[in-house]
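Raw contents of model17.pdb, PDB, C-alpha atoms:
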```pdb
ATOM      1  CA  MET D   1     114.248  85.128 150.243
ATOM      2  CA  GLN D   2     110.727  83.952 149.430
ATOM      3  CA  LEU D   3     109.500  87.479 150.087
ATOM      4  CA  ASN D   4     112.054  88.883 147.626
ATOM      5  CA  LYS D   5     111.039  86.349 144.977
ATOM      6  CA  HIS D   6     107.398  87.264 145.503
ATOM      7  CA  LEU D   7     108.245  90.959 145.307
ATOM      8  CA  PHE D   8     110.230  90.556 142.069
ATOM      9  CA  ARG D   9     107.389  88.489 140.570
ATOM     10  CA  THR D  10     104.876  91.175 141.534
ATOM     11  CA  LEU D  11     107.075  93.940 140.139
ATOM     12  CA  GLY D  12     107.573  91.930 136.956
ATOM     13  CA  LEU D  13     103.832  91.469 136.530
ATOM     14  CA  ALA D  14     103.297  95.158 137.233
ATOM     15  CA  ALA D  15     105.844  96.063 134.531
ATOM     16  CA  VAL D  16     104.143  93.752 132.010
ATOM     17  CA  PHE D  17     100.763  95.217 132.919
ATOM     18  CA  ALA D  18     102.076  98.777 132.580
ATOM     19  CA  THR D  19     103.561  97.966 129.163
ATOM     20  CA  SER D  20     100.328  96.329 128.018
ATOM     21  CA  THR D  21      98.325  99.288 129.269
ATOM     22  CA  ALA D  22     100.587 101.748 127.452
ATOM     23  CA  MET D  23     100.236  99.775 124.234
ATOM     24  CA  ALA D  24      96.482  99.583 124.659
ATOM     25  CA  GLN D  25      96.294 103.333 125.139
ATOM     26  CA  SER D  26      97.308 104.171 121.557
ATOM     27  CA  PHE D  27      94.471 106.091 119.958
ATOM     28  CA  GLU D  28      91.792 104.102 118.150
ATOM     29  CA  GLY D  29      88.798 105.914 116.717
ATOM     30  CA  ILE D  30      87.787 108.678 114.317
ATOM     31  CA  VAL D  31      89.162 112.185 113.765
ATOM     32  CA  GLU D  32      86.973 114.556 111.720
ATOM     33  CA  PHE D  33      88.447 117.764 110.324
ATOM     34  CA  THR D  34      88.233 120.364 107.578
ATOM     35  CA  LYS D  35      90.883 121.876 105.338
ATOM     36  CA  THR D  36      90.321 125.450 104.181
ATOM     37  CA  THR D  37      92.352 126.904 101.315
ATOM     38  CA  GLY D  38      90.996 130.271 100.212
ATOM     39  CA  PRO D  39      87.267 129.837  99.556
ATOM     40  CA  VAL D  40      87.529 126.029  99.261
ATOM     41  CA  VAL D  41      86.575 123.938 102.313
ATOM     42  CA  THR D  42      87.062 120.151 102.203
ATOM     43  CA  SER D  43      85.987 117.723 104.922
ATOM     44  CA  TYR D  44      87.934 114.605 105.901
ATOM     45  CA  LYS D  45      87.704 111.715 108.325
ATOM     46  CA  TYR D  46      90.572 109.618 109.677
ATOM     47  CA  TYR D  47      89.584 106.143 110.888
ATOM     48  CA  VAL D  48      92.457 104.790 112.994
ATOM     49  CA  LYS D  49      93.215 101.244 114.135
ATOM     50  CA  GLY D  50      96.810 100.412 115.045
ATOM     51  CA  ASP D  51      99.080 100.801 112.003
ATOM     52  CA  ARG D  52      96.160 101.260 109.635
ATOM     53  CA  ILE D  53      94.376 104.493 108.746
ATOM     54  CA  ARG D  54      91.427 105.012 106.428
ATOM     55  CA  ILE D  55      91.163 108.559 105.057
ATOM     56  CA  GLU D  56      87.794 109.613 103.647
ATOM     57  CA  GLU D  57      87.183 112.804 101.666
ATOM     58  CA  ILE D  58      83.613 113.966 102.233
ATOM     59  CA  SER D  59      81.595 116.062  99.771
ATOM     60  CA  ALA D  60      79.427 119.045 100.762
ATOM     61  CA  ARG D  61      76.459 116.660 100.591
ATOM     62  CA  GLY D  62      78.086 114.368 103.130
ATOM     63  CA  GLU D  63      78.964 111.671 100.574
ATOM     64  CA  VAL D  64      82.302 109.851 100.496
ATOM     65  CA  GLN D  65      84.126 111.043  97.371
ATOM     66  CA  GLY D  66      87.383 109.183  97.784
ATOM     67  CA  ILE D  67      89.151 106.834 100.176
ATOM     68  CA  MET D  68      92.799 106.169 100.927
ATOM     69  CA  LEU D  69      93.842 103.080 102.879
ATOM     70  CA  VAL D  70      97.200 103.624 104.575
ATOM     71  CA  ASP D  71      99.347 100.966 106.227
ATOM     72  CA  THR D  72     102.118 102.713 108.157
ATOM     73  CA  ARG D  73     103.896  99.449 108.972
ATOM     74  CA  ASP D  74     104.207  98.341 105.347
ATOM     75  CA  LYS D  75     104.421 101.972 104.120
ATOM     76  CA  THR D  76     101.685 101.436 101.523
ATOM     77  CA  VAL D  77      98.867 103.665 100.281
ATOM     78  CA  THR D  78      95.866 102.402  98.297
ATOM     79  CA  ALA D  79      93.365 104.765  96.667
ATOM     80  CA  VAL D  80      89.772 103.525  96.493
ATOM     81  CA  SER D  81      86.973 104.958  94.332
ATOM     82  CA  PRO D  82      83.501 104.078  95.731
ATOM     83  CA  GLU D  83      81.834 105.602  92.666
ATOM     84  CA  ARG D  84      83.745 103.505  90.123
ATOM     85  CA  LYS D  85      84.365 100.509  92.423
ATOM     86  CA  LEU D  86      88.074 100.600  91.598
ATOM     87  CA  TYR D  87      91.278 100.681  93.629
ATOM     88  CA  MET D  88      94.895 101.390  92.791
ATOM     89  CA  ASP D  89      98.268 101.351  94.513
ATOM     90  CA  VAL D  90      99.695 104.837  95.064
ATOM     91  CA  PRO D  91     103.455 104.786  94.460
ATOM     92  CA  ASN D  92     105.637 107.017  96.612
ATOM     93  CA  MET D  93     108.104 108.523  94.166
ATOM     94  CA  ARG D  94     108.673 111.862  95.905
ATOM     95  CA  LEU D  95     111.854 112.556  97.818
ATOM     96  CA  PRO D  96     111.259 113.816 101.373
ATOM     97  CA  LYS D  97     111.436 117.609 101.504
ATOM     98  CA  ASP D  98     113.979 119.019 103.934
ATOM     99  CA  VAL D  99     113.429 122.588 105.109
ATOM    100  CA  GLU D 100     115.152 124.830 107.614
ATOM    101  CA  VAL D 101     112.708 125.787 110.347
ATOM    102  CA  GLN D 102     112.631 127.533 113.695
ATOM    103  CA  VAL D 103     110.437 125.774 116.257
ATOM    104  CA  GLN D 104     108.986 127.509 119.305
ATOM    105  CA  LYS D 105     106.942 125.451 121.759
ATOM    106  CA  THR D 106     105.044 127.920 123.904
ATOM    107  CA  ALA D 107     103.158 127.533 127.170
ATOM    108  CA  GLU D 108     100.077 129.143 125.606
ATOM    109  CA  MET D 109      96.998 126.911 125.802
ATOM    110  CA  LYS D 110      93.503 126.853 124.337
ATOM    111  CA  GLU D 111      90.720 124.319 123.901
ATOM    112  CA  VAL D 112      89.996 122.831 120.468
ATOM    113  CA  ALA D 113      87.537 119.974 119.846
ATOM    114  CA  GLY D 114      87.354 119.224 123.557
ATOM    115  CA  TYR D 115      91.137 118.994 124.011
ATOM    116  CA  LYS D 116      93.494 121.305 125.863
ATOM    117  CA  CYS D 117      96.010 122.260 123.204
ATOM    118  CA  GLU D 118      99.471 123.815 123.372
ATOM    119  CA  LYS D 119     100.630 126.357 120.834
ATOM    120  CA  TRP D 120     103.649 125.428 118.708
ATOM    121  CA  LEU D 121     104.993 127.928 116.181
ATOM    122  CA  VAL D 122     107.137 126.758 113.252
ATOM    123  CA  LYS D 123     108.748 129.343 110.955
ATOM    124  CA  SER D 124     110.826 129.280 107.788
ATOM    125  CA  PRO D 125     111.681 132.756 106.491
ATOM    126  CA  LYS D 126     113.424 131.113 103.534
ATOM    127  CA  GLU D 127     110.128 129.438 102.516
ATOM    128  CA  ASP D 128     108.146 132.597 103.438
ATOM    129  CA  CYS D 129     105.988 130.448 105.673
ATOM    130  CA  GLN D 130     104.968 130.143 109.308
ATOM    131  CA  ILE D 131     102.562 127.615 110.774
ATOM    132  CA  THR D 132     100.853 127.755 114.143
ATOM    133  CA  TYR D 133      99.895 124.313 115.455
ATOM    134  CA  TRP D 134      97.610 123.842 118.443
ATOM    135  CA  VAL D 135      98.501 120.312 119.511
ATOM    136  CA  ALA D 136      96.811 117.828 121.834
ATOM    137  CA  ALA D 137      98.533 114.876 123.498
ATOM    138  CA  ASP D 138      96.454 111.693 123.669
ATOM    139  CA  GLU D 139      98.630 108.821 122.397
ATOM    140  CA  PHE D 140      98.084 109.895 118.764
ATOM    141  CA  ASN D 141     101.023 107.674 117.813
ATOM    142  CA  PHE D 142      99.655 107.043 114.327
ATOM    143  CA  PHE D 143     100.111 110.617 113.092
ATOM    144  CA  ILE D 144     103.846 110.960 112.382
ATOM    145  CA  PRO D 145     104.075 107.513 110.671
ATOM    146  CA  LEU D 146     101.017 108.561 108.628
ATOM    147  CA  LEU D 147     102.716 111.760 107.445
ATOM    148  CA  GLU D 148     105.899 109.847 106.630
ATOM    149  CA  THR D 149     103.982 107.229 104.638
ATOM    150  CA  LEU D 150     101.880 109.758 102.703
ATOM    151  CA  ASN D 151     105.001 111.908 102.088
ATOM    152  CA  ARG D 152     102.940 114.914 101.034
ATOM    153  CA  LYS D 153     104.595 118.109  99.871
ATOM    154  CA  ASP D 154     102.203 120.562 101.561
ATOM    155  CA  GLU D 155     103.775 122.739 104.243
ATOM    156  CA  GLN D 156     101.377 121.692 107.010
ATOM    157  CA  ALA D 157     102.768 118.150 106.769
ATOM    158  CA  VAL D 158     106.385 118.993 105.895
ATOM    159  CA  PHE D 159     106.811 121.500 108.727
ATOM    160  CA  PHE D 160     105.249 119.200 111.337
ATOM    161  CA  LEU D 161     107.768 116.484 110.508
ATOM    162  CA  GLN D 162     110.587 118.909 111.376
ATOM    163  CA  ILE D 163     109.424 119.183 115.001
ATOM    164  CA  LYS D 164     111.410 117.099 117.491
ATOM    165  CA  ASP D 165     109.656 115.166 120.262
ATOM    166  CA  ALA D 166     106.231 115.408 118.619
ATOM    167  CA  LYS D 167     105.330 111.739 119.080
ATOM    168  CA  GLY D 168     101.841 111.134 120.439
ATOM    169  CA  VAL D 169     100.437 114.576 119.640
ATOM    170  CA  PHE D 170      97.967 115.678 116.975
ATOM    171  CA  PRO D 171      97.459 119.217 115.629
ATOM    172  CA  MET D 172      93.819 120.012 116.400
ATOM    173  CA  LEU D 173      94.301 123.307 114.585
ATOM    174  CA  GLY D 174      96.980 124.216 112.058
ATOM    175  CA  ILE D 175      97.132 127.709 110.533
ATOM    176  CA  GLU D 176      99.541 128.283 107.649
ATOM    177  CA  GLN D 177     100.504 131.880 106.930
ATOM    178  CA  LYS D 178     102.970 133.899 104.911
ATOM    179  CA  MET D 179     105.574 135.670 107.029
ATOM    180  CA  ASP D 180     103.508 138.872 106.667
ATOM    181  CA  GLY D 181     100.554 137.117 108.351
ATOM    182  CA  ALA D 182      98.399 136.430 105.264
ATOM    183  CA  GLU D 183      96.582 133.113 105.785
ATOM    184  CA  VAL D 184      97.233 130.363 103.221
ATOM    185  CA  SER D 185      95.465 127.321 104.658
ATOM    186  CA  ARG D 186      93.790 126.056 107.813
ATOM    187  CA  LEU D 187      93.289 122.519 109.142
ATOM    188  CA  GLU D 188      90.786 122.300 111.991
ATOM    189  CA  VAL D 189      89.495 119.262 113.874
ATOM    190  CA  SER D 190      85.770 119.376 114.614
ATOM    191  CA  LYS D 191      85.297 116.057 116.416
ATOM    192  CA  VAL D 192      87.328 113.205 117.931
ATOM    193  CA  THR D 193      85.615 109.902 118.723
ATOM    194  CA  LYS D 194      87.380 107.137 120.655
ATOM    195  CA  ALA D 195      85.908 103.772 119.661
ATOM    196  CA  ALA D 196      86.971 100.346 118.399
ATOM    197  CA  GLN D 197      87.045 100.226 114.595
ATOM    198  CA  LYS D 198      86.061  97.271 112.422
ATOM    199  CA  ALA D 199      88.980  95.669 110.554
ATOM    200  CA  SER D 200      86.880  95.630 107.349
ATOM    201  CA  LEU D 201      87.104  99.439 107.141
ATOM    202  CA  PHE D 202      90.785  99.114 106.262
ATOM    203  CA  GLU D 203      90.356  96.498 103.536
ATOM    204  CA  ILE D 204      89.479  96.834  99.864
ATOM    205  CA  PRO D 205      85.741  96.104  99.558
ATOM    206  CA  ALA D 206      84.681  92.885  97.842
ATOM    207  CA  GLY D 207      83.844  93.306  94.169
ATOM    208  CA  TYR D 208      86.254  96.188  93.568
ATOM    209  CA  ASN D 209      88.639  95.860  90.620
ATOM    210  CA  LYS D 210      92.238  96.979  90.497
ATOM    211  CA  PHE D 211      92.926  99.882  88.159
ATOM    212  CA  GLU D 212      96.025  99.179  86.096
ATOM    213  CA  ARG D 213      97.922 102.014  84.454
ATOM    214  CA  ASN D 214      98.866 101.344  80.838
TER
END
```
Show the structure stored in the file as structure tokens.
Amino acid sequence: MQLNKHLFRTLGLAAVFATSTAMAQSFEGIVEFTKTTGPVVTSYKYYVKGDRIRIEEISARGEVQGIMLVDTRDKTVTAVSPERKLYMDVPNMRLPKDVEVQVQKTAEMKEVAGYKCEKWLVKSPKEDCQITYWVAADEFNFFIPLLETLNRKDEQAVFFLQIKDAKGVFPMLGIEQKMDGAEVSRLEVSKVTKAAQKASLFEIPAGYNKFERN
């Protein structure tokens, strides 16, 4: 009887430890990527810590042009202007876009940004669009809540949200094309850094004023 009690206690502790470990494994760090639309290339950085994501848009000179602070738990987005030292709440007035898609998860693999990625193909003939995602699995649990909170209308985001069982993955490469193969846009990760992030990165800097719309 004592042995059973000891065994149950050990198993209980093991379960708690496993749960804690799983929670601790959620990605924390920085994802750097570029978005290419025609001749225009824009660089971005995601800083990730739990439910909070800081999105920086980087200029060609390497300067931060704009910042968005996203809280996926509270479903809030705050835009921050370093140049003008202003911030403003970004209201989410757009209805989620629902599209009919065909999803094909293939066994094809390739390496992107140091990750082994699987090819997922999402098509919508009605929208004249197909997107090839090369996805990596590394407890990227922040990504789907981020897309839902931002509620963007671009196809790269809308199509990804239509994929079932995509929790924990991140598209290291996303190629949007017309059904005839003509490329429309490309999102490509260049670097992923796992590291603890300072809480201050996700807060409005001291001395910034709130921009009020008239």
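Comparing the minimum interatomic distances between D:Ser124 and each of D:Lys178, D:Arg73, D:Lys35, D:Lys49, counting only C-alpha atoms, we find that D:Lys178 sits nearest.
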Within 12 Å of D:Gly181, counting all atoms listed in the file, which residues show up once you throw out same-chain ones fewer than 2 positions away? Write them as a JSON list (two decimals) with C-alpha atoms, in the frame of the given file, please.
```
[["chain", "number", "residue", "atom", "x", "y", "z"],
["D", 123, "LYS", "CA", 108.75, 129.34, 110.96],
["D", 128, "ASP", "CA", 108.15, 132.60, 103.44],
["D", 129, "CYS", "CA", 105.99, 130.45, 105.67],
["D", 130, "GLN", "CA", 104.97, 130.14, 109.31],
["D", 131, "ILE", "CA", 102.56, 127.62, 110.77],
["D", 132, "THR", "CA", 100.85, 127.76, 114.14],
["D", 175, "ILE", "CA", 97.13, 127.71, 110.53],
["D", 176, "GLU", "CA", 99.54, 128.28, 107.65],
["D", 177, "GLN", "CA", 100.50, 131.88, 106.93],
["D", 178, "LYS", "CA", 102.97, 133.90, 104.91],
["D", 179, "MET", "CA", 105.57, 135.67, 107.03],
["D", 183, "GLU", "CA", 96.58, 133.11, 105.78],
["D", 184, "VAL", "CA", 97.23, 130.36, 103.22],
["D", 185, "SER", "CA", 95.46, 127.32, 104.66]]
```
Please identify all polymer residues within 8 Å of D:Gly50, counting only C-alpha atoms, omitting same-chain residues fewer than 5 positions from it, and present them as a compact mmCIF listing (two decimals) with C-alpha atoms, keeping the file's coordinate frame.
```
# COMPACT_ATOMS: atom_id res chain seq x y z
CA SER D 26 97.31 104.17 121.56
CA PHE D 27 94.47 106.09 119.96
CA GLU D 28 91.79 104.10 118.15
CA PHE D 142 99.66 107.04 114.33
```
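Of the residues listed (D:Gln197, D:Ser81, D:Gln104, D:Thr36), D:Gln104 shows the shortest atom-to-atom separation from D:Lys164; distances use only C-alpha atoms.
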On this file, the PyMOL selection byres ((chain D and resi 76) around 9) gives some set of residues; write that set as an NGL selection string. :D and (69-75 or 77-78 or 89-92 or 149-150)
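From atom CA of D:Met68 back to atom CA of D:Phe170, the distance works out to 19.4 Å.
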Measure the distance from atom CA of D:Thr193 to atom CA of D:Phe160 in Å and round it to one decimal. 22.9 Å
Mind checking which residues fall within 10 Å of D:Gly114, counting all atoms listed in the file, ignoring those fewer than 6 positions away in the same chain, and posting them as a VMD selection string? chain D and resid 136 172 189 to 192
Kindly output stretch 60-80 of chain D as a compact mmCIF listing (two decimals), in the coordinates of the input, after building N, CA and C atoms.
```txt
# COMPACT_ATOMS: atom_id res chain seq x y z
N ALA D 60 80.30 118.11 100.05
CA ALA D 60 79.43 119.04 100.76
C ALA D 60 78.09 118.39 101.11
N ARG D 61 77.71 117.38 100.33
CA ARG D 61 76.46 116.66 100.59
C ARG D 61 76.61 115.56 101.65
N GLY D 62 77.84 115.39 102.13
CA GLY D 62 78.09 114.37 103.13
C GLY D 62 78.39 113.01 102.55
N GLU D 63 78.66 112.95 101.23
CA GLU D 63 78.96 111.67 100.57
C GLU D 63 80.47 111.46 100.51
N VAL D 64 80.88 110.19 100.58
CA VAL D 64 82.30 109.85 100.50
C VAL D 64 82.74 109.93 99.03
N GLN D 65 83.65 110.85 98.75
CA GLN D 65 84.13 111.04 97.37
C GLN D 65 85.32 110.16 97.04
N GLY D 66 86.18 109.98 98.00
CA GLY D 66 87.38 109.18 97.78
C GLY D 66 87.90 108.61 99.09
N ILE D 67 88.62 107.51 98.99
CA ILE D 67 89.15 106.83 100.18
C ILE D 67 90.62 106.50 99.94
N MET D 68 91.43 106.66 100.97
CA MET D 68 92.80 106.17 100.93
C MET D 68 93.00 105.24 102.11
N LEU D 69 93.53 104.05 101.83
CA LEU D 69 93.84 103.08 102.88
C LEU D 69 95.35 103.09 103.08
N VAL D 70 95.77 103.46 104.28
CA VAL D 70 97.20 103.62 104.58
C VAL D 70 97.64 102.59 105.60
N ASP D 71 98.74 101.91 105.29
CA ASP D 71 99.35 100.97 106.23
C ASP D 71 100.72 101.52 106.58
N THR D 72 100.86 102.06 107.80
CA THR D 72 102.12 102.71 108.16
C THR D 72 103.22 101.72 108.49
N ARG D 73 102.87 100.47 108.71
CA ARG D 73 103.90 99.45 108.97
C ARG D 73 104.53 99.02 107.66
N ASP D 74 103.69 98.76 106.65
CA ASP D 74 104.21 98.34 105.35
C ASP D 74 104.53 99.53 104.44
N LYS D 75 104.18 100.75 104.89
CA LYS D 75 104.42 101.97 104.12
C LYS D 75 103.72 101.93 102.76
N THR D 76 102.45 101.51 102.77
CA THR D 76 101.68 101.44 101.52
C THR D 76 100.46 102.33 101.59
N VAL D 77 100.07 102.84 100.41
CA VAL D 77 98.87 103.66 100.28
C VAL D 77 98.05 103.12 99.11
N THR D 78 96.76 102.89 99.34
CA THR D 78 95.87 102.40 98.30
C THR D 78 94.70 103.37 98.16
N ALA D 79 94.49 103.87 96.94
CA ALA D 79 93.36 104.76 96.67
C ALA D 79 92.16 103.93 96.24
N VAL D 80 91.00 104.27 96.77
CA VAL D 80 89.77 103.52 96.49
C VAL D 80 88.70 104.49 96.00
```
